[in-house]
Structure formats: C-alpha cells, structure tokens
file coords-v4.txt (compact mmCIF, C-alpha atoms)
# COMPACT_ATOMS: atom_id res chain seq x y z
CA MET A 1 -27.71 -11.66 13.05
CA GLY A 2 -26.49 -15.05 14.09
CA HIS A 3 -23.77 -15.29 16.63
CA GLY A 4 -24.20 -18.98 17.15
CA THR A 5 -21.76 -21.55 15.90
CA GLU A 6 -20.99 -25.17 16.34
CA PHE A 7 -17.86 -25.84 18.27
CA ARG A 8 -16.31 -28.67 20.14
CA ALA A 9 -13.33 -29.09 22.39
CA LYS A 10 -10.14 -29.92 20.53
CA THR A 11 -8.11 -32.95 21.45
CA LYS A 12 -4.88 -32.18 23.25
CA ALA A 13 -2.82 -33.11 20.19
CA GLN A 14 -4.95 -30.92 17.91
CA TYR A 15 -4.74 -28.04 20.37
CA GLN A 16 -0.97 -28.25 20.61
CA TYR A 17 -0.70 -28.53 16.84
CA ASP A 18 -2.83 -25.43 16.33
CA ARG A 19 -0.86 -23.44 18.91
CA HIS A 20 2.36 -24.41 17.20
CA HIS A 21 0.88 -23.59 13.78
CA ASN A 22 -0.17 -20.14 15.00
CA ALA A 23 3.30 -19.49 16.42
CA VAL A 24 4.97 -20.53 13.15
CA HIS A 25 2.59 -18.32 11.23
CA MET A 26 3.37 -15.38 13.52
CA ARG A 27 7.10 -15.89 12.97
CA LYS A 28 6.48 -15.67 9.21
CA GLN A 29 4.63 -12.42 9.74
CA VAL A 30 7.61 -10.98 11.61
CA VAL A 31 9.89 -11.99 8.73
CA ASN A 32 7.52 -10.28 6.28
CA PHE A 33 7.62 -7.20 8.49
CA ALA A 34 11.43 -7.25 8.42
CA ILE A 35 11.29 -7.43 4.61
CA MET A 36 8.93 -4.43 4.50
CA ILE A 37 11.22 -2.41 6.77
CA PHE A 38 14.16 -3.33 4.55
CA LEU A 39 12.29 -2.26 1.40
CA THR A 40 11.39 1.05 3.05
CA PHE A 41 15.03 1.64 3.99
CA LEU A 42 16.05 0.81 0.44
CA ALA A 43 13.52 3.25 -1.04
CA PHE A 44 14.64 6.12 1.19
CA THR A 45 18.31 5.26 0.67
CA VAL A 46 18.25 5.33 -3.15
CA VAL A 47 16.52 8.72 -3.04
CA VAL A 48 19.00 10.19 -0.55
CA ALA A 49 21.92 8.61 -2.46
CA ASP A 50 21.00 10.82 -5.41
CA PHE A 51 21.01 8.36 -8.29
CA SER A 52 19.43 9.29 -11.61
CA PRO A 53 15.66 9.89 -11.24
CA PHE A 54 15.08 7.72 -14.32
CA PHE A 55 16.49 4.83 -12.30
CA ILE A 56 15.01 5.72 -8.91
CA LYS A 57 11.39 6.37 -9.90
CA PRO A 58 10.60 2.94 -11.39
CA LEU A 59 12.59 1.28 -8.61
CA ILE A 60 10.73 2.90 -5.68
CA LEU A 61 7.37 2.31 -7.40
CA LEU A 62 8.31 -1.35 -7.75
CA LEU A 63 9.35 -1.48 -4.07
CA ALA A 64 6.01 0.09 -3.08
CA GLY A 65 4.18 -2.50 -5.20
CA ILE A 66 6.02 -5.38 -3.50
CA GLN A 67 5.28 -3.92 -0.06
CA VAL A 68 1.59 -3.54 -0.80
CA VAL A 69 1.28 -7.11 -2.07
CA LEU A 70 3.07 -8.28 1.09
CA GLN A 71 0.65 -6.31 3.27
CA LEU A 72 -2.42 -7.57 1.43
CA TYR A 73 -1.46 -11.22 1.30
CA SER A 74 0.37 -11.56 4.59
CA PHE A 75 -0.93 -9.02 7.13
CA MET A 76 -4.43 -8.80 5.68
CA HIS A 77 -4.68 -12.57 5.05
CA MET A 78 -5.76 -12.39 1.43
CA ASP A 79 -3.86 -15.65 0.96
CA ASP A 80 -6.14 -17.42 3.43
CA LYS A 81 -8.13 -19.94 1.39
CA LYS A 82 -10.59 -20.41 4.25
CA GLY A 83 -11.67 -16.78 4.17
CA HIS A 84 -15.38 -16.30 3.52
CA HIS A 85 -15.91 -15.39 -0.18
CA ILE A 86 -12.16 -14.87 -0.47
CA GLY A 87 -12.31 -15.27 -4.27
CA VAL A 88 -14.83 -12.45 -4.56
CA ILE A 89 -12.70 -10.30 -2.26
CA GLN A 90 -9.59 -10.90 -4.36
CA LEU A 91 -11.51 -10.06 -7.53
CA PHE A 92 -12.85 -6.84 -5.95
CA VAL A 93 -9.46 -5.71 -4.65
CA TRP A 94 -7.68 -6.21 -7.95
CA THR A 95 -10.57 -4.62 -9.86
CA GLY A 96 -10.30 -1.66 -7.47
CA ALA A 97 -6.57 -1.52 -8.18
CA LEU A 98 -7.23 -1.61 -11.93
CA ILE A 99 -9.74 1.25 -11.69
CA ALA A 100 -7.22 3.15 -9.54
CA PHE A 101 -4.57 2.68 -12.24
CA THR A 102 -6.90 3.95 -14.99
CA PHE A 103 -7.53 7.06 -12.83
CA PHE A 104 -3.79 7.86 -12.85
CA ILE A 105 -3.50 7.33 -16.58
CA THR A 106 -6.65 9.32 -17.34
CA PHE A 107 -5.84 12.31 -15.14
CA LEU A 108 -2.24 12.54 -16.24
CA THR A 109 -2.89 12.09 -19.96
CA ILE A 110 -5.99 14.28 -20.23
CA ILE A 111 -4.64 17.14 -18.18
CA TRP A 112 -0.97 17.51 -19.00
CA TRP A 113 0.34 15.32 -21.81
CA MET B 1 -27.38 -13.29 22.63
CA GLU B 2 -26.50 -16.09 24.91
CA GLU B 3 -23.02 -16.08 26.32
CA THR B 4 -20.79 -19.03 25.70
CA LYS B 5 -17.78 -19.30 27.94
CA PHE B 6 -14.88 -20.44 25.82
CA THR B 7 -11.62 -22.06 26.80
CA PRO B 8 -8.52 -22.08 24.61
CA GLN B 9 -9.48 -25.66 23.68
CA THR B 10 -12.98 -24.81 22.48
CA TRP B 11 -12.06 -21.51 20.82
CA PRO B 12 -12.52 -21.96 17.02
CA ASP B 13 -9.61 -21.72 14.58
CA HIS B 14 -11.09 -18.75 12.76
CA PRO B 15 -12.93 -16.96 15.56
CA GLU B 16 -13.51 -13.92 13.35
CA GLN B 17 -15.44 -16.01 10.83
CA ALA B 18 -17.04 -18.64 13.02
CA THR B 19 -20.47 -16.99 13.05
CA MET B 20 -22.72 -15.69 10.29
CA GLU B 21 -22.22 -12.14 11.52
CA GLY B 22 -18.45 -12.66 11.53
CA LYS B 23 -18.54 -13.86 7.90
CA ASN B 24 -20.63 -10.87 6.89
CA LYS B 25 -18.33 -8.44 8.69
CA PHE B 26 -15.31 -9.99 6.96
CA VAL B 27 -16.81 -9.53 3.49
CA GLY B 28 -18.24 -6.13 4.45
CA ILE B 29 -14.94 -4.59 5.56
CA TRP B 30 -13.30 -5.80 2.35
CA ILE B 31 -15.99 -4.31 0.14
CA PHE B 32 -15.54 -1.04 2.02
CA ILE B 33 -11.78 -1.23 1.42
CA CYS B 34 -12.29 -1.85 -2.31
CA SER B 35 -14.37 1.33 -2.56
CA ASP B 36 -11.79 3.17 -0.47
CA ILE B 37 -9.10 2.15 -2.97
CA VAL B 38 -11.08 3.99 -5.64
CA LEU B 39 -11.51 7.06 -3.40
CA PHE B 40 -7.77 7.24 -2.77
CA ALA B 41 -7.06 6.64 -6.45
CA SER B 42 -8.97 9.80 -7.35
CA VAL B 43 -7.19 12.00 -4.79
CA PHE B 44 -3.84 10.48 -5.81
CA ALA B 45 -4.57 11.16 -9.47
CA THR B 46 -5.58 14.73 -8.60
CA TYR B 47 -2.36 15.24 -6.65
CA LEU B 48 -0.19 13.89 -9.48
CA SER B 49 -1.92 16.14 -12.00
CA LEU B 50 -1.67 19.28 -9.88
CA LYS B 51 1.75 18.74 -8.31
CA ASP B 52 3.87 21.91 -8.40
CA LYS B 53 1.07 23.75 -10.23
CA GLY B 54 -0.11 27.09 -8.93
CA PRO B 55 -0.15 30.84 -9.52
CA ALA B 56 2.73 32.29 -11.55
CA GLY B 57 5.83 32.82 -9.45
CA MET B 58 4.78 30.34 -6.77
CA GLU B 59 7.68 29.85 -4.40
CA PHE B 60 6.69 26.37 -3.20
CA SER B 61 7.72 23.20 -4.97
CA ALA B 62 7.58 19.59 -3.86
CA ALA B 63 11.35 19.24 -4.20
CA GLU B 64 12.00 21.95 -1.60
CA LEU B 65 8.98 21.56 0.66
CA TYR B 66 9.17 17.99 1.93
CA GLU B 67 11.50 16.77 4.62
CA LEU B 68 12.49 13.14 4.25
CA PRO B 69 13.56 12.43 7.88
CA LEU B 70 10.06 13.31 9.11
CA ALA B 71 8.40 11.18 6.41
CA PHE B 72 10.75 8.33 7.31
CA VAL B 73 9.88 8.41 11.01
CA MET B 74 6.16 8.58 10.19
CA THR B 75 6.54 5.59 7.86
CA MET B 76 8.31 3.56 10.54
CA LEU B 77 5.65 4.38 13.15
CA LEU B 78 2.79 3.35 10.89
CA LEU B 79 4.54 0.24 9.59
CA THR B 80 5.31 -0.89 13.14
CA SER B 81 1.72 -0.25 14.23
CA SER B 82 0.67 -2.57 11.42
CA LEU B 83 2.82 -5.33 12.92
CA THR B 84 1.51 -4.75 16.44
CA SER B 85 -2.06 -5.26 15.24
CA VAL B 86 -0.90 -8.53 13.65
CA PHE B 87 0.35 -9.51 17.12
CA ALA B 88 -3.10 -8.65 18.51
CA MET B 89 -4.73 -10.98 15.97
CA TYR B 90 -2.22 -13.70 16.85
CA HIS B 91 -3.29 -13.51 20.49
CA MET B 92 -6.93 -13.48 19.42
CA LYS B 93 -6.41 -16.84 17.70
CA ASN B 94 -4.92 -18.20 20.91
CA TYR B 95 -7.81 -16.87 23.02
CA ASN B 96 -5.56 -14.54 24.98
CA PHE B 97 -7.65 -11.43 25.53
CA LYS B 98 -5.02 -9.61 27.54
CA GLY B 99 -2.62 -9.99 24.62
CA VAL B 100 -5.22 -8.61 22.21
CA GLN B 101 -5.89 -5.55 24.37
CA THR B 102 -2.21 -4.86 25.08
CA TRP B 103 -1.16 -4.98 21.44
CA MET B 104 -4.17 -2.96 20.33
CA ILE B 105 -3.24 -0.27 22.87
CA ILE B 106 0.32 -0.23 21.50
CA THR B 107 -1.15 0.07 18.00
CA VAL B 108 -3.19 3.09 19.09
CA LEU B 109 -0.15 4.71 20.73
CA LEU B 110 1.95 4.30 17.57
CA GLY B 111 -0.95 5.66 15.53
CA LEU B 112 -1.16 8.67 17.84
CA GLY B 113 2.58 9.27 17.35
CA PHE B 114 2.06 9.22 13.61
CA LEU B 115 -0.89 11.59 13.86
CA GLY B 116 1.07 14.00 16.07
CA LEU B 117 3.88 14.20 13.50
CA GLU B 118 1.38 14.74 10.68
CA ILE B 119 -0.30 17.58 12.58
CA TYR B 120 3.13 19.10 13.23
CA GLU B 121 3.94 18.82 9.52
CA PHE B 122 0.68 20.47 8.42
CA TYR B 123 1.10 23.20 11.03
CA HIS B 124 4.62 23.86 9.78
CA TYR B 125 3.44 24.13 6.14
CA VAL B 126 0.61 26.49 6.99
CA HIS B 127 3.01 28.53 9.12
CA ILE B 128 5.39 29.12 6.20
CA GLY B 129 2.48 30.18 3.98
CA PHE B 130 1.67 26.88 2.27
CA GLY B 131 -2.01 26.85 3.31
CA TYR B 132 -4.89 24.89 1.82
CA THR B 133 -5.97 27.71 -0.51
CA GLN B 134 -2.45 28.79 -1.48
CA SER B 135 -2.38 26.94 -4.81
CA ALA B 136 -3.74 23.97 -6.75
CA PHE B 137 -0.68 22.09 -5.51
CA SER B 138 -1.35 22.81 -1.84
CA SER B 139 -5.06 21.93 -2.13
CA ALA B 140 -4.23 18.63 -3.82
CA PHE B 141 -1.53 17.84 -1.25
CA PHE B 142 -3.67 18.58 1.80
CA THR B 143 -6.65 16.73 0.32
CA LEU B 144 -4.62 13.59 -0.37
CA VAL B 145 -2.57 13.45 2.83
CA GLY B 146 -5.45 14.88 4.87
CA THR B 147 -7.85 12.18 3.64
CA HIS B 148 -5.33 9.61 4.81
CA GLY B 149 -4.96 11.45 8.13
CA LEU B 150 -8.73 11.42 8.54
CA HIS B 151 -8.68 7.66 8.02
CA VAL B 152 -6.05 7.40 10.76
CA VAL B 153 -8.22 9.46 13.13
CA ILE B 154 -11.27 7.28 12.41
CA GLY B 155 -9.19 4.14 12.91
CA LEU B 156 -7.83 5.41 16.24
CA VAL B 157 -11.32 6.31 17.52
CA TRP B 158 -12.66 2.96 16.31
CA ILE B 159 -9.95 0.85 17.96
CA THR B 160 -10.05 2.90 21.18
CA CYS B 161 -13.83 2.36 21.39
CA LEU B 162 -13.32 -1.38 20.88
CA ILE B 163 -10.69 -1.54 23.64
CA VAL B 164 -12.82 0.42 26.11
CA ARG B 165 -16.15 -1.17 25.24
CA ASN B 166 -14.88 -4.74 25.50
CA ALA B 167 -12.49 -4.27 28.42
CA ARG B 168 -14.70 -6.11 30.89
CA ARG B 169 -16.43 -8.33 28.40
CA GLY B 170 -13.61 -10.67 27.49
CA LEU B 171 -13.14 -12.32 24.13
CA ASN B 172 -16.10 -13.99 22.46
CA LEU B 173 -17.44 -14.68 18.98
CA TYR B 174 -19.39 -11.43 19.08
CA ASN B 175 -16.42 -9.11 19.43
CA ALA B 176 -13.69 -11.17 17.73
CA PRO B 177 -14.94 -10.13 14.23
CA LYS B 178 -15.01 -6.50 15.39
CA TYR B 179 -11.34 -6.57 16.35
CA TYR B 180 -10.50 -8.38 13.15
CA ALA B 181 -12.29 -5.85 10.94
CA ALA B 182 -10.55 -2.98 12.75
CA SER B 183 -7.16 -4.62 12.21
CA ILE B 184 -7.84 -5.15 8.47
CA TYR B 185 -8.82 -1.47 8.22
CA TRP B 186 -5.64 -0.46 10.03
CA HIS B 187 -3.49 -2.46 7.60
CA PHE B 188 -5.25 -0.75 4.73
CA ILE B 189 -4.28 2.65 6.15
CA ASP B 190 -0.69 1.42 6.04
CA VAL B 191 -1.11 0.22 2.45
CA VAL B 192 -2.22 3.71 1.41
CA TRP B 193 0.66 5.28 3.31
CA VAL B 194 3.17 3.12 1.41
CA PHE B 195 2.00 4.84 -1.76
CA ILE B 196 1.92 8.26 -0.11
CA PHE B 197 5.52 8.10 1.09
CA THR B 198 6.64 6.76 -2.28
CA VAL B 199 4.61 8.93 -4.64
CA VAL B 200 4.31 12.13 -2.59
CA TYR B 201 7.46 12.36 -0.47
CA LEU B 202 10.13 10.33 -2.24
CA MET B 203 9.11 11.24 -5.80
CA GLY B 204 8.41 14.79 -4.61
CA VAL B 205 11.97 15.22 -3.40
CA LEU B 206 13.21 13.93 -6.77
CA GLY B 207 11.32 16.79 -8.41

call {"tool": "encode", "arguments": {"input": "coords-v4.txt", "output": "structure tokens"}}
result
Amino acid sequence: MGHGTEFRAKTKAQYQYDRHHNAVHMRKQVVNFAIMIFLTFLAFTVVVADFSPFFIKPLILLLAGIQVVLQLYSFMHMDDKKGHHIGVIQLFVWTGALIAFTFFITFLTIIWW
Amino acid sequence: MEETKFTPQTWPDHPEQATMEGKNKFVGIWIFICSDIVLFASVFATYLSLKDKGPAGMEFSAAELYELPLAFVMTMLLLTSSLTSVFAMYHMKNYNFKGVQTWMIITVLLGLGFLGLEIYEFYHYVHIGFGYTQSAFSSAFFTLVGTHGLHVVIGLVWITCLIVRNARRGLNLYNAPKYYAASIYWHFIDVVWVFIFTVVYLMGVLG
C-alpha cells in the first residue's frame, strides 16, 4: 500500500500557528478530561448518597451517555471534519449504537417483561 | 518503502492520514469498532437479562457482591490512561517521538494497573464461590466484564509491541497511523468501561 505523500516545508509563521493550534487543542482535551472525571465523581456520589433509585438510574445513564459522546467526539476525534470518510464513520457508529439499543430492548422485553 | 527524514516543519498536519495506507487504517479501525459495539451490546443485553438470576436459593446478588471503591479506582485508572494516550497523539502531531513513546508507556502502565485490579476482583469472586459456572448471573457477569478485560489485554500487547518495534525507528508516516489506530482502540475500551461501571457496578449496587 502507498506510504508516499506530498509534503512541503511549512513557513515559519504557519509552523508557529500550527504548534499553537495543537497546544490550544490539547488544552481543550484536558478540560474535557476534567469534565469526564467530574461526571464520574457525580455518578459514584449519587449512588453512595443513597437517593431514590428512580432518580439515580436515569441520571447515571444520562451521565454515561454524556461521557461517551465526549470520548467519541473529543478524544476519538469524531468531530474532525478532515477525517477520511468521517461521514461514513459517524453513520456506522450511530447505526452500531442503534443496533446496540435494540439488543437491550429485545433481550429485556422478550425474556422478562 | 523509501525513508523520508522529516523535520517538525515538514511533518504533515494529519500524519496519521497523510498516506493512502493511513487513510485505510483510519477507516478500518473505525469499522472494527462499529462491529465491536454490536458485540458488546449483545453481552450487555445478556447480562441485563440474567442479572441476579440463578438456581433457587442463590446467595449472590449484584447489590451485595460489588465493591464500589474498587470499581472507582479502576475507572480512574482507565480514564486517565485515555488522557495519556491523547497526550501521545498530541506529541505525534508535533513530531516529538520521545513524547509519543513516553506517554504510550504511561498508558500501558495505567492499563496494567487496571488489569491487575480486575484480576484481583475476579480472583476474589471465584474464591468466595462466585465462579463462572455458579449461575446464569455469574456466567453473564464474567462474560461481559471478561470480554472487556480481554480487549484490555489485547490493547496492552498491541501498544507494547508498537513501542518496542518502533523504538529505534523514529516517527514516520508508516508508523504514525499505527499509533493512531491503537490510541483510537484504547479510547474505545474506555467508552465500553463507562457503560460497565454505570450499568454493572453502579446500577448493580442499587439492586
């Protein structure tokens, strides 16, 4: 398979801009990480704090959902418009998630309800 | 393959997708992950259906079995290892191979810590009589969490091989996509764990 590519030296201004851009992007990632840690703390705290399960269960599922979207779009770069076939990838991931959801519904309804 | 010696100035913006092979690897790892989502969905669905189910008079229940402090430490280890592999990718963009290797090694160490705790947890369960064949509940639990653990093992072997194999090679457009794919896979392991600690441990403790 091809390993070749066209490349050229960046100008000094472009290089500095890109370095800066990367650093800013990394700082955003650290903020996202802090949010994920906070959401995890929150999830464990509400369970330990012993609120009503009818309140806790939807809440921690929602927190998990937010965390997963953060992971996918921030850490795994699904928001990167320059990604090769990124539209197809997004379609596949969400279709996979949809199939996953139908599995839960199917198993739970057929077997126990 | 002819070697091109890069400098930070000539290193492309998206080194992992600068070549045809890099583009293919990027799409390939994602298609693998999409199919893995479906695999985990089926073991999750099985676990939810069989939770707390077993022979009459079974003494084990999710509410009494799980220990939250252990699950919390495991979650923190895996979540942090996710961030450290982001740091590795940041250094890859800046053509800093030492940074890539260092952060990947830290990622592996955190992953090993996670794996050690998981082995301890499984050992503890088997020790108190909650073995794989004990009940439908135990089979479903070990299959779900064990499948995730297996993914962690594969990820650790994969990343370790990358670190060792490329140690003297330096960063180029041939191995940049390899590191990138491994880091995407590692994040996915974390994504699955987010659901495991929520659905298995937290909701298990709730009963």

call {"tool": "atom_distance", "arguments": {"input": "coords-v4.txt", "atom1": "CA of Ala9 in chain A", "atom2": "CA of Lys23 in chain B"}}
result
21.7 Å

call {"tool": "closest_residue", "arguments": {"input": "coords-v4.txt", "among": "B:His151, B:His187, B:Lys178, B:Lys53", "to": "chain A", "atoms": "all atoms listed in the file"}}
result
B:His187

call {"tool": "residues_around", "arguments": {"input": "coords-v4.txt", "residues": "Arg165 in chain B", "least_positions_apart": "4", "cutoff": "12 Å", "atoms": "all atoms listed in the file", "output": "ChimeraX atom specification"}}
result
/B:101,157-161,169-171,175,178-179

call {"tool": "write_last_selection", "arguments": {"input": "coords-v4.txt", "atoms": "C-alpha atoms", "output": "PDB file, in the frame of the given file"}}
result
ATOM      1  CA  GLN B 101      -5.890  -5.550  24.370  1.00  0.00           C
ATOM      2  CA  VAL B 157     -11.320   6.310  17.520  1.00  0.00           C
ATOM      3  CA  TRP B 158     -12.660   2.960  16.310  1.00  0.00           C
ATOM      4  CA  ILE B 159      -9.950   0.850  17.960  1.00  0.00           C
ATOM      5  CA  THR B 160     -10.050   2.900  21.180  1.00  0.00           C
ATOM      6  CA  CYS B 161     -13.830   2.360  21.390  1.00  0.00           C
ATOM      7  CA  ARG B 169     -16.430  -8.330  28.400  1.00  0.00           C
ATOM      8  CA  GLY B 170     -13.610 -10.670  27.490  1.00  0.00           C
ATOM      9  CA  LEU B 171     -13.140 -12.320  24.130  1.00  0.00           C
ATOM     10  CA  ASN B 175     -16.420  -9.110  19.430  1.00  0.00           C
ATOM     11  CA  LYS B 178     -15.010  -6.500  15.390  1.00  0.00           C
ATOM     12  CA  TYR B 179     -11.340  -6.570  16.350  1.00  0.00           C
TER      13      TYR B 179
END

call {"tool": "closest_residue", "arguments": {"input": "coords-v4.txt", "among": "A:Tyr17, A:Phe75, A:Phe55, A:Phe44", "to": "Ile184 in chain B", "atoms": "all atoms listed in the file"}}
result
A:Phe75

call {"tool": "atom_distance", "arguments": {"input": "coords-v4.txt", "atom1": "CA of Ala71 in chain B", "atom2": "CA of Val192 in chain B"}}
result
13.9 Å

call {"tool": "atom_distance", "arguments": {"input": "coords-v4.txt", "atom1": "CA of Ser49 in chain B", "atom2": "CA of Phe197 in chain B"}}
result
17.1 Å

call {"tool": "interface_residues", "arguments": {"input": "coords-v4.txt", "of": "chain B", "to": "chain A", "cutoff": "8 Å", "atoms": "all atoms listed in the file", "output": "PyMOL selection string"}}
result
chain B and resi 1+9-13+17-23+26-27+30-31+33-35+37-38+40-42+44-46+48-49+68+72+76+79+82-83+86-87+90+93-94+173-174+184+187+191+194-195+198-199+202-203+205-206

call {"tool": "write_last_selection", "arguments": {"input": "coords-v4.txt", "atoms": "C-alpha atoms", "output": "PDB file, keeping the file's coordinate frame"}}
result
ATOM      1  CA  MET B   1     -27.380 -13.290  22.630  1.00  0.00           C
ATOM      2  CA  GLN B   9      -9.480 -25.660  23.680  1.00  0.00           C
ATOM      3  CA  THR B  10     -12.980 -24.810  22.480  1.00  0.00           C
ATOM      4  CA  TRP B  11     -12.060 -21.510  20.820  1.00  0.00           C
ATOM      5  CA  PRO B  12     -12.520 -21.960  17.020  1.00  0.00           C
ATOM      6  CA  ASP B  13      -9.610 -21.720  14.580  1.00  0.00           C
ATOM      7  CA  GLN B  17     -15.440 -16.010  10.830  1.00  0.00           C
ATOM      8  CA  ALA B  18     -17.040 -18.640  13.020  1.00  0.00           C
ATOM      9  CA  THR B  19     -20.470 -16.990  13.050  1.00  0.00           C
ATOM     10  CA  MET B  20     -22.720 -15.690  10.290  1.00  0.00           C
ATOM     11  CA  GLU B  21     -22.220 -12.140  11.520  1.00  0.00           C
ATOM     12  CA  GLY B  22     -18.450 -12.660  11.530  1.00  0.00           C
ATOM     13  CA  LYS B  23     -18.540 -13.860   7.900  1.00  0.00           C
ATOM     14  CA  PHE B  26     -15.310  -9.990   6.960  1.00  0.00           C
ATOM     15  CA  VAL B  27     -16.810  -9.530   3.490  1.00  0.00           C
ATOM     16  CA  TRP B  30     -13.300  -5.800   2.350  1.00  0.00           C
ATOM     17  CA  ILE B  31     -15.990  -4.310   0.140  1.00  0.00           C
ATOM     18  CA  ILE B  33     -11.780  -1.230   1.420  1.00  0.00           C
ATOM     19  CA  CYS B  34     -12.290  -1.850  -2.310  1.00  0.00           C
ATOM     20  CA  SER B  35     -14.370   1.330  -2.560  1.00  0.00           C
ATOM     21  CA  ILE B  37      -9.100   2.150  -2.970  1.00  0.00           C
ATOM     22  CA  VAL B  38     -11.080   3.990  -5.640  1.00  0.00           C
ATOM     23  CA  PHE B  40      -7.770   7.240  -2.770  1.00  0.00           C
ATOM     24  CA  ALA B  41      -7.060   6.640  -6.450  1.00  0.00           C
ATOM     25  CA  SER B  42      -8.970   9.800  -7.350  1.00  0.00           C
ATOM     26  CA  PHE B  44      -3.840  10.480  -5.810  1.00  0.00           C
ATOM     27  CA  ALA B  45      -4.570  11.160  -9.470  1.00  0.00           C
ATOM     28  CA  THR B  46      -5.580  14.730  -8.600  1.00  0.00           C
ATOM     29  CA  LEU B  48      -0.190  13.890  -9.480  1.00  0.00           C
ATOM     30  CA  SER B  49      -1.920  16.140 -12.000  1.00  0.00           C
ATOM     31  CA  LEU B  68      12.490  13.140   4.250  1.00  0.00           C
ATOM     32  CA  PHE B  72      10.750   8.330   7.310  1.00  0.00           C
ATOM     33  CA  MET B  76       8.310   3.560  10.540  1.00  0.00           C
ATOM     34  CA  LEU B  79       4.540   0.240   9.590  1.00  0.00           C
ATOM     35  CA  SER B  82       0.670  -2.570  11.420  1.00  0.00           C
ATOM     36  CA  LEU B  83       2.820  -5.330  12.920  1.00  0.00           C
ATOM     37  CA  VAL B  86      -0.900  -8.530  13.650  1.00  0.00           C
ATOM     38  CA  PHE B  87       0.350  -9.510  17.120  1.00  0.00           C
ATOM     39  CA  TYR B  90      -2.220 -13.700  16.850  1.00  0.00           C
ATOM     40  CA  LYS B  93      -6.410 -16.840  17.700  1.00  0.00           C
ATOM     41  CA  ASN B  94      -4.920 -18.200  20.910  1.00  0.00           C
ATOM     42  CA  LEU B 173     -17.440 -14.680  18.980  1.00  0.00           C
ATOM     43  CA  TYR B 174     -19.390 -11.430  19.080  1.00  0.00           C
ATOM     44  CA  ILE B 184      -7.840  -5.150   8.470  1.00  0.00           C
ATOM     45  CA  HIS B 187      -3.490  -2.460   7.600  1.00  0.00           C
ATOM     46  CA  VAL B 191      -1.110   0.220   2.450  1.00  0.00           C
ATOM     47  CA  VAL B 194       3.170   3.120   1.410  1.00  0.00           C
ATOM     48  CA  PHE B 195       2.000   4.840  -1.760  1.00  0.00           C
ATOM     49  CA  THR B 198       6.640   6.760  -2.280  1.00  0.00           C
ATOM     50  CA  VAL B 199       4.610   8.930  -4.640  1.00  0.00           C
ATOM     51  CA  LEU B 202      10.130  10.330  -2.240  1.00  0.00           C
ATOM     52  CA  MET B 203       9.110  11.240  -5.800  1.00  0.00           C
ATOM     53  CA  VAL B 205      11.970  15.220  -3.400  1.00  0.00           C
ATOM     54  CA  LEU B 206      13.210  13.930  -6.770  1.00  0.00           C
TER      55      LEU B 206
END

call {"tool": "residues_around", "arguments": {"input": "coords-v4.txt", "residues": "Leu70 in chain B", "least_positions_apart": "6", "cutoff": "9 Å", "atoms": "only C-alpha atoms", "output": "PyMOL selection string"}}
result
chain B and resi 117-118+121

call {"tool": "closest_residue", "arguments": {"input": "coords-v4.txt", "among": "B:Val73, B:Ile128, B:Phe142, B:Asn96", "to": "Gly116 in chain B", "atoms": "all atoms listed in the file"}}
result
B:Val73

call {"tool": "residues_around", "arguments": {"input": "coords-v4.txt", "residues": "Thr102 in chain B", "least_positions_apart": "2", "cutoff": "12 Å", "atoms": "all atoms listed in the file", "output": "PyMOL selection string"}}
result
chain B and resi 84-85+87-89+91-92+96-100+104-109+159-160+163-164+167
